[in-house]
Amino acid sequence: MLIGGFNEFMEHAWAYYAITSDMLTDEMLNIAEENLETKEVVMVEEAYYLSLIQPLHIWIVSASSLVCNNLIPLLCTGEIFGSETEVSLHLLDDDNTRDLLFALQMEAEDLAYPLLRKVTVHTDLREAFSDADVIIMLDDVILQEIQSHADMIGPIANQCKKYGDLIEQNAKRNVKVLVAGNTFVNLRTYVIMQNAPSVPQCNFVGLAKQLESQVQGNLARKLNVNPSGVKDVIIWGNISGSTFIDLQRARVYGHDSAVWGPPDFSRPVKQMVYDSNWLETEFISDLNTRLQTVETKLQHPSGILPADGIYTMLRYWYQGSPPDEVISVGVISEGHFDIPNGIVFSMPVRFHSGGWEVHTDLIIGDDIKEKLTAIASELTQEINTALSELPVQQ
């Protein structure tokens, strides 16, 4: 750093670079003043053009969850919404988590991601979802205090009704709502959707990717392959309740066996798992206990797997899913596969052009339809119970 006036600067320039000037000090000061004025004009113009670039407003509900800690960096990389799309994150939770949310805000700001425009903290539910483009619903912390699974339905229904009402009032009409978590994912998606009638029903989805990833991981360990090599597993039904794991289309890539092929060569999973008894017994029980084991060893709820599932689902929603792959998502039923209309049901879809469509060309047998009918009956009962817990509309 050079400290001094014009004369000292010219001495420095001559000594080091053999450069001099016969310009007078007053002239140089005038030029400096003009340069400063020009710089100020440029800064004003940059601020104006920046104001014209509207960031995506992303609201995260129950942001004190560990899932949110793992999710924030993934939302800001540009891989989901585009490499030139800025995002503003809005962290929403109850007042008891205020200090934690502010700490999370500071940590997120310190990441210094170029696409992260702003991080705000909200504990007043009345201001929730203002101008929201994307809403990510994590499990509500208050539900952890309720012991009985059945006793959760009333509080969940009432809380989700409030969320739906606020989405209707405050969010953009094309807002995308992704419901995640381990409790009543289908039911929560349904109640929120029903109370935000101005938003298209196709803009509400329930996250099944976490369970799908667990299934892929379990099969991969059995077959000794990378989990990414297990494709087209279908999760039917009630994401956080009764589900049917359909492996009839599932395929495995990169399996080390006597038969090899190019990278796109695959074989049916059910042919490669020779122990059919394992598929019907240990395979299911491992899925039920693995997450509990992970959380017991961590001594806190899992955060990485749910965050990755949300990231993947949003990326598919905005960028499209691989064209030849089946993705399981909780979506509103339109009667496909004889599933009753109007309930949220996990089924196979593909994402493209900012939306999704059901794999209607998939053929399923009567035995599978019977299982789906039983699951649909369970979901209908949940909905009826939830509706009975809601206040009667005047």
# chains A, B, ... in the order shown; residues from 1 in each chain; ligands from 1

$ residues_around --residues "region 102-110 of chain A" --least-positions-apart "6" --cutoff "7 Å" --atoms "only C-alpha atoms" --output "ChimeraX atom specification"
/A:119-121

$ residues_around --residues "region 186-191 of chain A" --least-positions-apart "2" --cutoff "6 Å" --atoms "only C-alpha atoms" --output "list of chain:residue names"
A:Cys160, A:Phe184, A:Met193, A:Gln194, A:Val344

$ write_last_selection --atoms "C-alpha atoms" --output "PDB file, in the first residue's frame"
ATOM      1  CA  CYS A 160     -51.712 -28.036   7.776  1.00  0.00           C
ATOM      2  CA  PHE A 184     -48.355 -38.509   7.521  1.00  0.00           C
ATOM      3  CA  MET A 193     -53.626 -28.724  -0.991  1.00  0.00           C
ATOM      4  CA  GLN A 194     -57.321 -28.617  -0.107  1.00  0.00           C
ATOM      5  CA  VAL A 344     -52.565 -38.210  -2.462  1.00  0.00           C
TER       6      VAL A 344
END

$ closest_residue --among "A:Val358, A:Ala196, A:Ile245, A:Leu138" --to "Ala63 (chain A)" --atoms "only C-alpha atoms"
A:Leu138

$ closest_residue --among "A:Ala157, A:Val269, A:Val179, A:Ala386" --to "Met313 (chain A)" --atoms "only C-alpha atoms"
A:Val179

$ residues_around --residues "region 376-378 of chain A" --least-positions-apart "5" --cutoff "9 Å" --atoms "only C-alpha atoms" --output "list in words"
Gly237, Asn238, Gly241, Ser242, Ile339, Pro340, Ile343, Phe345, Lys371 and Ile383 of chain A

$ write_last_selection --atoms "C-alpha atoms" --output "short mmCIF file (atom, residue, chain, number, x, y, z; two decimals), in the first residue's frame"
data_model
loop_
_atom_site.label_atom_id
_atom_site.label_comp_id
_atom_site.auth_asym_id
_atom_site.auth_seq_id
_atom_site.Cartn_x
_atom_site.Cartn_y
_atom_site.Cartn_z
CA GLY A 237 -49.10 -45.83 -1.45
CA ASN A 238 -48.85 -44.07 1.88
CA GLY A 241 -47.52 -45.47 6.42
CA SER A 242 -48.45 -48.58 4.46
CA ILE A 339 -56.64 -45.73 -7.31
CA PRO A 340 -59.55 -43.57 -6.06
CA ILE A 343 -56.33 -38.77 -2.60
CA PHE A 345 -50.92 -41.49 -3.40
CA LYS A 371 -52.72 -54.21 -2.37
CA ILE A 383 -58.47 -38.22 5.51
#

$ closest_residue --among "A:Leu387, A:Leu125, A:Ile136, A:Val185" --to "Asn170 (chain A)" --atoms "only C-alpha atoms"
A:Leu125

$ residues_around --residues "Ala220 (chain A)" --least-positions-apart "2" --cutoff "12 Å" --atoms "only C-alpha atoms" --output "ChimeraX atom specification"
/A:213-218,222-231,233,250-256,269,272-273,283

$ closest_residue --among "A:Asn203, A:Thr385, A:Asn288, A:Thr77" --to "Trp356 (chain A)" --atoms "only C-alpha atoms"
A:Asn203

$ closest_residue --among "A:Ile284, A:Phe9, A:Val87, A:Thr38" --to "Leu74 (chain A)" --atoms "only C-alpha atoms"
A:Val87

$ closest_residue --among "A:Phe337, A:Gln159, A:Ser321, A:Leu279" --to "Ser353 (chain A)" --atoms "only C-alpha atoms"
A:Ser321

$ atom_distance --atom1 "CA of Phe81 (chain A)" --atom2 "CA of Pro114 (chain A)"
13.6 Å

$ residues_around --residues "Arg249 (chain A)" --least-positions-apart "3" --cutoff "12 Å" --atoms "only C-alpha atoms" --output "JSON, numbers by chain"
{"A": [230, 231, 232, 233, 234, 235, 245, 246, 252, 266, 267, 268, 269, 270, 271, 324, 325, 326, 327, 348, 362, 363, 364]}

$ write_last_selection --atoms "N, CA, C and O atoms" --output "CSV table (one decimal), in the first residue's frame"
chain,number,residue,atom,x,y,z
A,230,VAL,N,-29.0,-49.2,-8.9
A,230,VAL,CA,-30.3,-49.8,-8.8
A,230,VAL,C,-31.3,-48.8,-9.2
A,230,VAL,O,-31.4,-47.7,-8.6
A,231,LYS,N,-32.1,-49.1,-10.2
A,231,LYS,CA,-33.0,-48.1,-10.8
A,231,LYS,C,-34.4,-48.7,-10.9
A,231,LYS,O,-34.7,-49.9,-10.8
A,232,ASP,N,-35.4,-47.8,-11.0
A,232,ASP,CA,-36.8,-48.1,-11.3
A,232,ASP,C,-37.5,-48.9,-10.2
A,232,ASP,O,-38.4,-49.7,-10.5
A,233,VAL,N,-37.1,-48.6,-9.0
A,233,VAL,CA,-37.9,-49.1,-7.8
A,233,VAL,C,-39.1,-48.2,-7.7
A,233,VAL,O,-39.0,-47.0,-7.8
A,234,ILE,N,-40.3,-48.8,-7.5
A,234,ILE,CA,-41.5,-48.0,-7.3
A,234,ILE,C,-42.0,-48.1,-5.9
A,234,ILE,O,-42.2,-49.2,-5.4
A,235,ILE,N,-42.3,-47.0,-5.3
A,235,ILE,CA,-42.9,-46.9,-4.0
A,235,ILE,C,-44.4,-46.5,-4.2
A,235,ILE,O,-44.7,-45.4,-4.6
A,245,ILE,N,-43.7,-51.9,-2.0
A,245,ILE,CA,-42.4,-51.7,-2.7
A,245,ILE,C,-42.4,-52.7,-3.9
A,245,ILE,O,-42.4,-53.9,-3.8
A,246,ASP,N,-42.5,-52.1,-5.1
A,246,ASP,CA,-42.7,-52.8,-6.3
A,246,ASP,C,-41.4,-52.9,-7.1
A,246,ASP,O,-40.8,-51.9,-7.5
A,252,VAL,N,-30.8,-53.6,-12.2
A,252,VAL,CA,-29.5,-53.3,-11.6
A,252,VAL,C,-28.4,-53.2,-12.7
A,252,VAL,O,-28.4,-54.0,-13.6
A,266,SER,N,-28.3,-53.7,-18.2
A,266,SER,CA,-28.8,-54.0,-16.9
A,266,SER,C,-29.6,-55.3,-16.9
A,266,SER,O,-29.9,-55.9,-18.0
A,267,ARG,N,-29.9,-55.7,-15.7
A,267,ARG,CA,-30.6,-57.0,-15.5
A,267,ARG,C,-31.7,-56.8,-14.5
A,267,ARG,O,-31.5,-55.9,-13.6
A,268,PRO,N,-32.8,-57.5,-14.5
A,268,PRO,CA,-33.9,-57.3,-13.6
A,268,PRO,C,-33.4,-57.7,-12.1
A,268,PRO,O,-32.7,-58.7,-11.9
A,269,VAL,N,-33.7,-56.9,-11.2
A,269,VAL,CA,-33.3,-57.1,-9.8
A,269,VAL,C,-33.8,-58.4,-9.3
A,269,VAL,O,-33.1,-59.2,-8.6
A,270,LYS,N,-35.1,-58.7,-9.6
A,270,LYS,CA,-35.7,-60.0,-9.0
A,270,LYS,C,-35.0,-61.2,-9.6
A,270,LYS,O,-35.1,-62.3,-9.0
A,271,GLN,N,-34.4,-61.1,-10.7
A,271,GLN,CA,-33.6,-62.2,-11.3
A,271,GLN,C,-32.2,-62.4,-10.6
A,271,GLN,O,-31.7,-63.5,-10.4
A,324,ASP,N,-35.5,-42.2,-18.9
A,324,ASP,CA,-35.8,-43.7,-18.9
A,324,ASP,C,-36.0,-44.2,-17.5
A,324,ASP,O,-36.1,-45.4,-17.3
A,325,GLU,N,-36.0,-43.3,-16.5
A,325,GLU,CA,-36.1,-43.8,-15.1
A,325,GLU,C,-37.5,-43.5,-14.5
A,325,GLU,O,-38.2,-42.5,-14.9
A,326,VAL,N,-37.9,-44.3,-13.6
A,326,VAL,CA,-39.2,-44.2,-12.9
A,326,VAL,C,-38.9,-43.5,-11.5
A,326,VAL,O,-38.0,-43.9,-10.8
A,327,ILE,N,-39.7,-42.5,-11.2
A,327,ILE,CA,-39.5,-41.7,-10.0
A,327,ILE,C,-40.8,-41.9,-9.2
A,327,ILE,O,-41.9,-41.6,-9.7
A,348,PRO,N,-45.6,-44.0,-9.7
A,348,PRO,CA,-44.5,-43.7,-10.6
A,348,PRO,C,-44.8,-42.5,-11.5
A,348,PRO,O,-45.8,-42.5,-12.2
A,362,LEU,N,-47.6,-48.1,-17.5
A,362,LEU,CA,-47.2,-49.2,-16.6
A,362,LEU,C,-48.4,-50.2,-16.4
A,362,LEU,O,-49.5,-49.7,-16.1
A,363,ILE,N,-48.1,-51.4,-16.6
A,363,ILE,CA,-49.1,-52.4,-16.5
A,363,ILE,C,-48.9,-53.2,-15.1
A,363,ILE,O,-47.8,-53.6,-14.9
A,364,ILE,N,-49.9,-53.2,-14.3
A,364,ILE,CA,-49.8,-53.9,-13.0
A,364,ILE,C,-50.9,-55.0,-13.0
A,364,ILE,O,-52.0,-54.9,-13.5

$ select_by_dssp --residues "region 207-338 of chain A" --states "strand (DSSP E or B)" --output "VMD selection string"
chain A and resid 207 230 to 231 234 to 237 243 to 246 251 to 253 266 to 268 327 to 332

$ select_by_dssp --residues "region 30-67 of chain A" --states "alpha helix (DSSP H)" --output "PyMOL selection string"
chain A and resi 30-52+66-67
